[in-house]
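Peer 1: Encoded as structure tokens, here's the structure I'll be asking about.
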Amino acid sequence: MIENRKEEHIRIAEQKEVTSGHNFWDDITLVHQAIPEVDFDNIDISTNLLGKRLQMPMIISSMTGGTQLARKINENLARAAEEFGIGMGVGSMRAAAEKKELSETFSVINSFNLPMKIANIGAPQLIDQDKKAYTMGQIEYIYNLIGATHLIVHFNFLQEMIQPEGDRNSRGVLKALKEIAGSYPVIAKETGNGFSREAALQLKDCGVKAIDVGGLGGTSFAAIEYYRAEKANDLEKMSSGKAFWNWGIPSPASIQYCQVGLPVIGSGGLRTGLDLAKAIAMGAAAGGFARNLLNDADMSSEQVEAKISQIRRDLKIAMFLTASGKLDGLPKARRIISEPLRSWMDLYGGTNGQL
Ligand SMILES: Cc1cc2nc3c(=O)[nH]c(=O)nc-3n(C[C@H](O)[C@H](O)[C@H](O)COP(=O)(O)O)c2cc1C
């Protein structure tokens, strides 16, 4: 049952240690400028992303929907997103496409005035698996359900490999993606394992409008599925979950690899406004936060708002101390990149993170 799985994902992500072994944002140090010549109170963090005006360069990453718990979480996240003028994605909308009575657990966000509302479907479900692929009619239904401005197609093939009921085929996904990207403004997104340069070029070729890197360093879906397998006493899947716990491309490196002429959303392991500043320094147009907002969203919108307020403040402090009066100053800020991220930045004969 999709509903049970969604509830389990939330509870495991809230209660268990499901992050990758290393957070690669810690491998970046922005160099302090003691004489910034910037007025903190006039630092401008507003930005345009895919034709929408955001008051700060932040998206609440896709997480949930499909259960009453998810409804509350989506409502609290949306209230905070409205308050701060930021974008928000909902979780995979398969549940709404299959069971209309679950629709409201997603469409609850329609009570709020959000600059970006992002619908969500999984790439594996673009083609026939054990279940039939999404129809164009179903995609239209879920897109309109939340009055979406954009459609995320998420790539979660590692998770599919570890979860007991996972989809095993990926042949034909690009062709299907191309078709959908011809009708909707699609953002391609990973869910914790990042995109390589090769993948980014394939996505561009399909006509997606932006890439959300969803890289390694934060939530590990191999870890989440490990705990689900443990509960089901499935030793084989537990073993795979452990083996691939730290699989993927570090988020900051993936931002660099995905510089293919499309806007890039930096995500995967973002904790603070300083991490967000680093993501923008590496070339992201905005940053996406998921699990670090989850426990707050389960409590109240006030708690989410307090967290985002702190993120905003720390982003501005990082900008101030790197002499960046505007967001476009951050990519020019000097930085040190240490191992293991440093080696990743060299993979494509790279610029070591200095754009
Ligand atoms: C409980 C939970 C559920 C998630 N569900 C989805 C989903 O349905 N669709 C999706 O694209 N990403 C989903 N994600 C992935 C996040 O959007 C994000 O890419 C990933 O967690 C990495 O970001 P983080 O390290 O900030 O958590 C989910 C994450 C969590 C923690």
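Chains: A, B, ... in order of the structure tokens. Residues: from 1 per chain. Ligands: from 1, in order shown.
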Near Asn246 in chain A, counting only C-alpha atoms, which residues have an atom at most 9 Å away, once you skip same-chain residues fewer than 6 positions from it, shown as a PyMOL selection string?
Peer 2: chain A and resi 19-22+193+216-217+220+222-223
Peer 1: Mind listing the helix (DSSP H, G or I) residues of range 222-252 of chain A, per DSSP on the backbone, as a list in words?
Peer 2: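 Everything in range 222-252 of chain A that counts as helix (DSSP H, G or I) is Ala222, Ala223, Ile224, Glu225, Tyr226, Tyr227, Arg228, Ala229, Glu230, Lys231, Leu235, Glu236, Lys237, Met238, Ser239, Ser240, Gly241, Lys242, Ala243, Ser251 and Pro252 of chain A.
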Peer 1: For Tyr227 in chain A, which residue among A:Ile249, A:Met282, A:Leu126, A:Ile162 is the nearest when counting only C-alpha atoms?
Peer 2: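 Counting only C-alpha atoms, the residue closest to Tyr227 in chain A is A:Ile162.
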Peer 1: Write out as a PyMOL selection string the residues lying within 10 Å of Leu341 in chain A, counting only C-alpha atoms and excluding same-chain residues fewer than 5 positions away.
Peer 2: chain A and resi 23-28+249-253+346+352-353
Peer 1: Need the shell around range 202-213 of chain A: protein/DNA/RNA residues with any atom at most 10 Å away, counting only C-alpha atoms. Skip same-chain ones fewer than 6 positions apart. Format as a ChimeraX atom specification?
Peer 2: /A:49-50,61,150-154,174-182,184-196,249-268,284-288
Peer 1: Please determine, counting only C-alpha atoms, which residue among A:Gly122, A:Gly66, A:Gly248, A:Pro331 has the shortest atom-to-atom distance to Lys100 in chain A.
Peer 2: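 Of all the options, A:Gly66 lies closest to Lys100 in chain A.
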Peer 1: If we count only C-alpha atoms and set the cut-off at 12 Å, which residues sit around Asn110 in chain A, ignoring sequence neighbours fewer than 3 positions away in its own chain? Please answer as a ChimeraX atom specification.
Peer 2: /A:71,74-75,77-79,81-82,88,90,103-107,113-118,144-149
Peer 1: Name the closest residue to Gln310 in chain A among the candidates A:Leu293, A:Leu69, A:Ile35, A:Ile139; distances are taken between atoms, counting only C-alpha atoms.
Peer 2: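 When distances to Gln310 in chain A are compared using only C-alpha atoms, the smallest one comes from A:Leu293.
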Peer 1: So, counting only C-alpha atoms and all ligand atoms, which residue among A:Ile109, A:Leu330, A:Val31, A:Ala96 is closest to ligand 1?
Peer 2: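 Between A:Ile109, A:Leu330, A:Val31, A:Ala96, the residue approaching ligand 1 most closely is A:Ala96.
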Peer 1: So, with only C-alpha atoms as the atoms that count, which of A:Gln138, A:Ser324, A:Gln68, A:Gln33 lies closest to Asn4 in chain A?
Peer 2: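 Of all the options, A:Gln68 lies closest to Asn4 in chain A.
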Peer 1: When you look at Ala297 in chain A with a cut-off of 12 Å (counting only C-alpha atoms), what residues show up, excluding the ones that are within fewer than 3 positions of it in the same chain? I need them as a PyMOL selection string.
Peer 2: chain A and resi 10+14+60+63-64+69-81+290-294+300-308
Peer 1: In Å, how far is it from CA of Ile311 in chain A to CA of Gly283 in chain A?
Peer 2: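 One can read the CA of Ile311 in chain A to CA of Gly283 in chain A distance as 18.5 Å.
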Peer 1: Please identify the strand (DSSP E) residues within range 156-302 of chain A (assignment by DSSP from backbone atoms) and present them as a list in words.
Peer 2: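 For range 156-302 of chain A, the strand (DSSP E) set is Val186, Ile187, Ala188, Lys189, Glu190, Ala210, Ile211, Asp212, Val264, Ile265, Gly266, Ser267, Ala286, Gly287, Gly288 and Phe289 of chain A.
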Peer 1: Pull C-alpha atoms from the residues just selected and write them as a JSON list (two decimals), in the first residue's frame.
Peer 2:
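What follows is the written file selection.json:
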[["chain", "number", "residue", "atom", "x", "y", "z"],
["A", 186, "VAL", "CA", 9.78, 19.87, -16.10],
["A", 187, "ILE", "CA", 12.43, 19.97, -13.39],
["A", 188, "ALA", "CA", 14.44, 16.73, -13.28],
["A", 189, "LYS", "CA", 15.40, 15.84, -9.73],
["A", 190, "GLU", "CA", 17.47, 13.18, -8.02],
["A", 210, "ALA", "CA", 15.98, 22.86, -14.79],
["A", 211, "ILE", "CA", 17.91, 20.25, -12.82],
["A", 212, "ASP", "CA", 17.60, 19.70, -9.06],
["A", 264, "VAL", "CA", 20.41, 24.24, -11.25],
["A", 265, "ILE", "CA", 18.81, 23.73, -7.85],
["A", 266, "GLY", "CA", 21.39, 22.64, -5.28],
["A", 267, "SER", "CA", 20.07, 20.10, -2.81],
["A", 286, "ALA", "CA", 18.60, 28.19, -5.46],
["A", 287, "GLY", "CA", 18.85, 25.51, -2.79],
["A", 288, "GLY", "CA", 16.42, 22.77, -1.78],
["A", 289, "PHE", "CA", 15.85, 21.63, 1.81]]
Peer 1: Given the choices A:Ile142, A:Leu54, A:Val108, A:Val173, which gets closest to Ala123 in chain A if the distance is worked out from only C-alpha atoms?
Peer 2: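 Distance minimum relative to Ala123 in chain A lands on A:Val173.
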